[in-house]
file model32.txt (compact mmCIF, C-alpha atoms)
# COMPACT_ATOMS: atom_id res chain seq x y z
CA MET A 1 92.98 2.96 101.39
CA SER A 2 94.27 -0.29 102.92
CA PHE A 3 97.87 -1.47 102.72
CA ARG A 4 96.88 -4.36 100.42
CA GLU A 5 95.05 -2.04 98.03
CA LYS A 6 98.05 0.30 97.92
CA SER A 7 100.23 -2.74 97.27
CA ALA A 8 98.00 -3.79 94.34
CA TRP A 9 98.17 -0.23 92.93
CA ILE A 10 101.97 -0.19 93.17
CA SER A 11 102.29 -3.55 91.41
CA PHE A 12 99.81 -2.56 88.71
CA VAL A 13 101.39 0.83 87.96
CA SER A 14 104.97 -0.53 88.11
CA LEU A 15 104.05 -3.35 85.75
CA VAL A 16 102.27 -1.11 83.25
CA VAL A 17 104.98 1.59 83.25
CA VAL A 18 108.04 -0.67 83.13
CA PHE A 19 106.76 -3.32 80.74
CA GLY A 20 104.76 -0.78 78.76
CA ALA A 21 108.10 0.84 77.97
CA TYR A 22 109.64 -2.55 77.16
CA PHE A 23 106.87 -3.62 74.77
CA SER A 24 106.91 -0.18 73.13
CA TYR A 25 110.56 -0.90 72.39
CA ILE A 26 109.61 -4.35 71.02
CA GLY A 27 107.05 -2.59 68.80
CA MET A 28 109.87 -0.43 67.42
CA VAL A 29 111.96 -3.57 66.77
CA LEU A 30 109.03 -5.13 64.88
CA ALA A 31 108.66 -1.94 62.85
CA GLY A 32 112.34 -2.16 61.95
CA LEU A 33 113.20 1.09 63.68
CA THR A 34 115.80 -0.42 66.01
CA SER A 35 117.61 -3.68 66.69
CA ASN A 36 116.74 -6.15 69.41
CA ARG A 37 118.70 -6.28 72.65
CA PHE A 38 117.78 -9.08 75.04
CA ALA A 39 119.69 -7.35 77.83
CA LEU A 40 116.96 -4.71 77.86
CA PHE A 41 114.49 -7.29 79.13
CA LEU A 42 116.78 -8.16 82.04
CA VAL A 43 117.23 -4.45 82.81
CA MET A 44 113.44 -3.97 82.82
CA VAL A 45 112.95 -6.93 85.17
CA ALA A 46 115.57 -5.43 87.52
CA VAL A 47 113.89 -1.99 87.36
CA PHE A 48 110.51 -3.58 88.08
CA ILE A 49 111.82 -5.48 91.11
CA ILE A 50 113.60 -2.39 92.49
CA ALA A 51 110.47 -0.23 92.01
CA GLU A 52 108.32 -2.85 93.75
CA VAL A 53 110.68 -3.23 96.71
CA VAL A 54 111.28 0.50 97.23
CA LEU A 55 107.61 1.50 96.91
CA HIS A 56 106.49 -1.33 99.20
CA ILE A 57 109.05 -0.23 101.80
CA VAL A 58 107.62 3.31 101.58
CA ILE A 59 104.00 2.21 102.18
CA ALA A 60 105.11 -0.28 104.87
CA THR A 61 106.81 2.52 106.81
CA GLN A 62 103.63 4.60 106.54
CA SER A 63 101.50 1.82 108.05
CA PRO A 64 103.84 -0.76 109.62
CA ARG A 65 101.04 -2.42 111.56
CA ASP A 66 99.00 -3.19 108.41
CA ALA A 67 102.13 -4.39 106.62
CA ARG A 68 102.85 -6.92 109.39
CA THR A 69 99.25 -8.19 109.56
CA PRO A 70 98.76 -11.38 107.54
CA LYS A 71 96.09 -11.43 104.83
CA ASP A 72 92.67 -12.10 106.28
CA GLU A 73 89.95 -14.25 104.67
CA ARG A 74 88.44 -11.40 102.61
CA GLU A 75 91.83 -10.38 101.24
CA GLN A 76 92.62 -14.01 100.41
CA LEU A 77 89.27 -14.32 98.62
CA ILE A 78 89.99 -11.17 96.60
CA GLU A 79 93.39 -12.56 95.63
CA LEU A 80 91.86 -15.90 94.60
CA LYS A 81 89.17 -14.23 92.46
CA ALA A 82 91.76 -12.03 90.78
CA THR A 83 94.09 -14.98 90.16
CA ARG A 84 91.25 -16.97 88.58
CA THR A 85 90.48 -14.11 86.17
CA ALA A 86 94.18 -13.75 85.33
CA PHE A 87 94.43 -17.50 84.65
CA TYR A 88 91.81 -17.30 81.89
CA VAL A 89 93.52 -14.26 80.41
CA LEU A 90 96.84 -16.13 80.43
CA LEU A 91 95.21 -19.19 78.85
CA VAL A 92 93.75 -17.23 75.93
CA SER A 93 96.83 -15.09 75.34
CA ALA A 94 99.14 -18.16 75.52
CA PHE A 95 97.12 -19.78 72.74
CA GLY A 96 97.39 -16.50 70.84
CA SER A 97 101.17 -16.68 71.27
CA ILE A 98 101.19 -20.12 69.62
CA GLY A 99 99.39 -18.50 66.69
CA THR A 100 102.47 -16.37 65.92
CA VAL A 101 104.06 -19.40 64.15
CA HIS A 102 101.58 -18.83 61.31
CA LEU A 103 102.87 -15.32 60.61
CA ARG A 104 104.91 -14.98 57.43
CA LEU A 105 108.39 -13.85 58.45
CA SER A 106 111.47 -13.71 56.26
CA ASP A 107 113.81 -15.21 58.87
CA PRO A 108 112.59 -18.49 60.53
CA ASP A 109 114.52 -17.56 63.69
CA ASP A 110 112.25 -14.56 64.07
CA HIS A 111 109.36 -16.93 64.85
CA LEU A 112 111.07 -18.08 68.01
CA TRP A 113 111.87 -14.52 69.09
CA LEU A 114 108.36 -13.31 68.32
CA MET A 115 106.73 -16.20 70.18
CA MET A 116 108.98 -15.54 73.18
CA GLN A 117 107.93 -11.88 73.19
CA ALA A 118 104.27 -12.89 72.82
CA ILE A 119 104.53 -15.29 75.78
CA LEU A 120 106.25 -12.59 77.86
CA PHE A 121 103.46 -10.20 76.93
CA SER A 122 100.86 -12.82 77.92
CA ILE A 123 102.43 -13.21 81.35
CA VAL A 124 102.73 -9.46 81.95
CA PHE A 125 99.20 -8.81 80.66
CA ALA A 126 97.73 -11.54 82.89
CA GLU A 127 99.57 -10.12 85.91
CA ALA A 128 98.28 -6.62 85.11
CA VAL A 129 94.73 -7.98 84.86
CA LYS A 130 95.20 -9.72 88.23
CA PHE A 131 96.24 -6.50 89.99
CA ALA A 132 93.52 -4.49 88.22
CA ARG A 133 90.87 -7.00 89.34
CA GLN A 134 92.19 -6.86 92.91
CA ILE A 135 91.88 -3.06 92.86
CA VAL A 136 88.32 -3.27 91.53
CA LEU A 137 87.34 -5.79 94.22
CA TYR A 138 88.94 -3.71 96.99
CA ARG A 139 87.16 -0.57 95.70
CA ARG A 140 83.79 -2.35 95.45
CA ASP A 141 83.98 -3.53 99.05
CA ALA A 142 85.28 -0.20 100.38
CA MET B 1 77.32 -5.90 95.66
CA ASP B 2 75.35 -6.24 98.90
CA THR B 3 74.84 -9.66 100.47
CA ALA B 4 71.54 -11.05 101.79
CA ILE B 5 72.93 -11.11 105.34
CA ARG B 6 72.19 -8.14 107.58
CA ASN B 7 73.95 -7.48 110.87
CA THR B 8 73.83 -5.40 114.02
CA ILE B 9 77.56 -5.00 114.49
CA ARG B 10 77.49 -1.21 114.43
CA ARG B 11 74.91 -1.08 117.25
CA LEU B 12 76.71 -3.80 119.20
CA ARG B 13 79.99 -1.87 118.93
CA PHE B 14 78.24 1.25 120.18
CA ASP B 15 76.74 -0.68 123.10
CA HIS B 16 80.16 -2.06 124.03
CA SER B 17 81.83 1.19 125.07
CA GLU B 18 81.81 2.53 121.52
CA MET B 19 84.30 -0.07 120.36
CA THR B 20 86.08 1.03 117.19
CA GLN B 21 86.21 -1.05 114.01
CA GLN B 22 89.96 -1.42 114.52
CA GLU B 23 89.48 -2.77 118.07
CA LEU B 24 86.93 -5.31 116.84
CA ALA B 25 89.19 -6.22 113.91
CA ASP B 26 92.09 -6.88 116.30
CA LYS B 27 89.91 -9.08 118.52
CA ILE B 28 88.67 -11.28 115.64
CA GLY B 29 91.87 -11.35 113.58
CA VAL B 30 90.85 -9.48 110.42
CA THR B 31 91.61 -6.03 108.99
CA ARG B 32 89.58 -2.90 109.77
CA GLN B 33 88.53 -2.75 106.12
CA THR B 34 87.03 -6.24 106.41
CA VAL B 35 85.04 -5.27 109.50
CA ASN B 36 83.76 -2.25 107.57
CA ALA B 37 82.78 -4.44 104.59
CA ILE B 38 80.93 -6.84 106.92
CA GLU B 39 79.11 -3.96 108.64
CA LEU B 40 77.99 -2.56 105.30
CA SER B 41 76.78 -6.04 104.22
CA LYS B 42 79.24 -6.01 101.32
CA TYR B 43 81.05 -9.12 102.51
CA SER B 44 79.68 -12.23 104.25
CA PRO B 45 82.25 -13.51 106.75
CA SER B 46 83.11 -17.17 107.23
CA LEU B 47 81.23 -19.06 109.92
CA GLU B 48 84.33 -18.98 112.11
CA VAL B 49 84.68 -15.17 111.94
CA ALA B 50 80.92 -14.80 112.50
CA PHE B 51 81.21 -16.87 115.70
CA ARG B 52 84.24 -14.85 116.81
CA ILE B 53 82.25 -11.60 116.39
CA ALA B 54 79.34 -13.02 118.42
CA ALA B 55 81.81 -14.21 121.09
CA VAL B 56 83.39 -10.74 121.37
CA PHE B 57 79.98 -9.21 122.11
CA GLY B 58 78.84 -12.19 124.23
CA VAL B 59 75.62 -12.69 122.28
CA PRO B 60 74.17 -15.55 120.17
CA LEU B 61 75.03 -15.62 116.47
CA ASP B 62 71.49 -14.76 115.35
CA GLU B 63 71.60 -11.57 117.36
CA VAL B 64 74.54 -10.41 115.24
CA PHE B 65 73.53 -11.74 111.81
CA GLN B 66 70.12 -12.08 110.19
CA TYR B 67 69.35 -13.66 106.83
CA ASP B 68 67.45 -11.20 104.66
CA GLY B 69 67.04 -13.31 101.49
CA LYS B 70 63.92 -14.77 99.99
CA GLY B 71 65.39 -18.26 99.71
CA VAL B 72 67.75 -19.91 97.28
CA LYS B 73 67.22 -19.02 93.60
CA ARG B 74 67.07 -22.09 91.32

call {"tool": "encode", "arguments": {"input": "model32.txt", "output": "structure tokens"}}
result
Amino acid sequence: MSFREKSAWISFVSLVVVFGAYFSYIGMVLAGLTSNRFALFLVMVAVFIIAEVVLHIVIATQSPRDARTPKDEREQLIELKATRTAFYVLLVSAFGSIGTVHLRLSDPDDHLWLMMQAILFSIVFAEAVKFARQIVLYRRDA
Amino acid sequence: MDTAIRNTIRRLRFDHSEMTQQELADKIGVTRQTVNAIELSKYSPSLEVAFRIAAVFGVPLDEVFQYDGKGVKR
């Protein structure tokens, strides 16, 4: 497995685990099981960044030569294809986020909070799709 | 998905002192995985990389790559 493919796996798994936990928590808030804490989002972002950095250092030490090599044309093409797919996912889910204003909520302020969470989910979901598509393209060419 | 372009890179590597994929990759400025994908006809390289490969082996481009398609589908 190439360094870039390992990198895509790390980003995908980190994203799914860290933000999967975060949005599970948001699901509990929506269900009224717990109260919202915005600080948790900041903690999750910090955890995600730390996990990315540490795991990338680990794979870079295993294959330092590959880590130093700039992306070649095939790797750039894979990244472009994956980014294009993620863009459409982001587009659709962003429109879906706008749709949250039509939900009937008791507190009008909740609309803002819910739309913010929906937009965050859209971004995370699009990123996850991007890394998943990269992995598929790397596997198909392997 | 396989491309319509076939190549003789594997044989040319063998004929050039059994050059490894990594050695060829270093000479043309791509990763070993990309050389492997080109060899297996799973990726068509840019014209520039194709010329670099031909230059490494000192042969014309059409000795390295051959078009295997039946023409452009419309």

call {"tool": "closest_atom_pairs", "arguments": {"input": "model32.txt", "of": "region 5-96 of chain A", "to": "region 125-128 of chain A", "cutoff": "8 Å", "atoms": "all atoms listed in the file", "output": "Markdown table"}}
result
| residue | atom | partner | partner_atom | distance |
| --- | --- | --- | --- | --- |
| A:Phe12 | CA | A:Ala128 | CA | 5.6 |
| A:Leu15 | CA | A:Ala128 | CA | 6.7 |
| A:Val16 | CA | A:Ala128 | CA | 7.1 |
| A:Ala86 | CA | A:Ala126 | CA | 4.8 |
| A:Phe87 | CA | A:Ala126 | CA | 7.0 |
| A:Val89 | CA | A:Ala126 | CA | 5.6 |
| A:Leu90 | CA | A:Ala126 | CA | 5.3 |

call {"tool": "interface_residues", "arguments": {"input": "model32.txt", "of": "chain A", "to": "chain B", "cutoff": "9 Å", "atoms": "only C-alpha atoms", "output": "number ranges by chain"}}
result
A: 1-2, 66, 69-75, 140-142

call {"tool": "atom_distance", "arguments": {"input": "model32.txt", "atom1": "CA of Ser14 (chain A)", "atom2": "CA of Glu52 (chain A)"}}
result
7.0 Å

call {"tool": "closest_residue", "arguments": {"input": "model32.txt", "among": "A:Thr61, A:Thr34, A:Thr85, A:Gln76", "to": "Ala132 (chain A)", "atoms": "only C-alpha atoms"}}
result
A:Thr85

call {"tool": "residues_around", "arguments": {"input": "model32.txt", "residues": "Phe65 (chain B)", "least_positions_apart": "4", "cutoff": "7 Å", "atoms": "only C-alpha atoms", "output": "number ranges by chain"}}
result
B: 5-8, 61
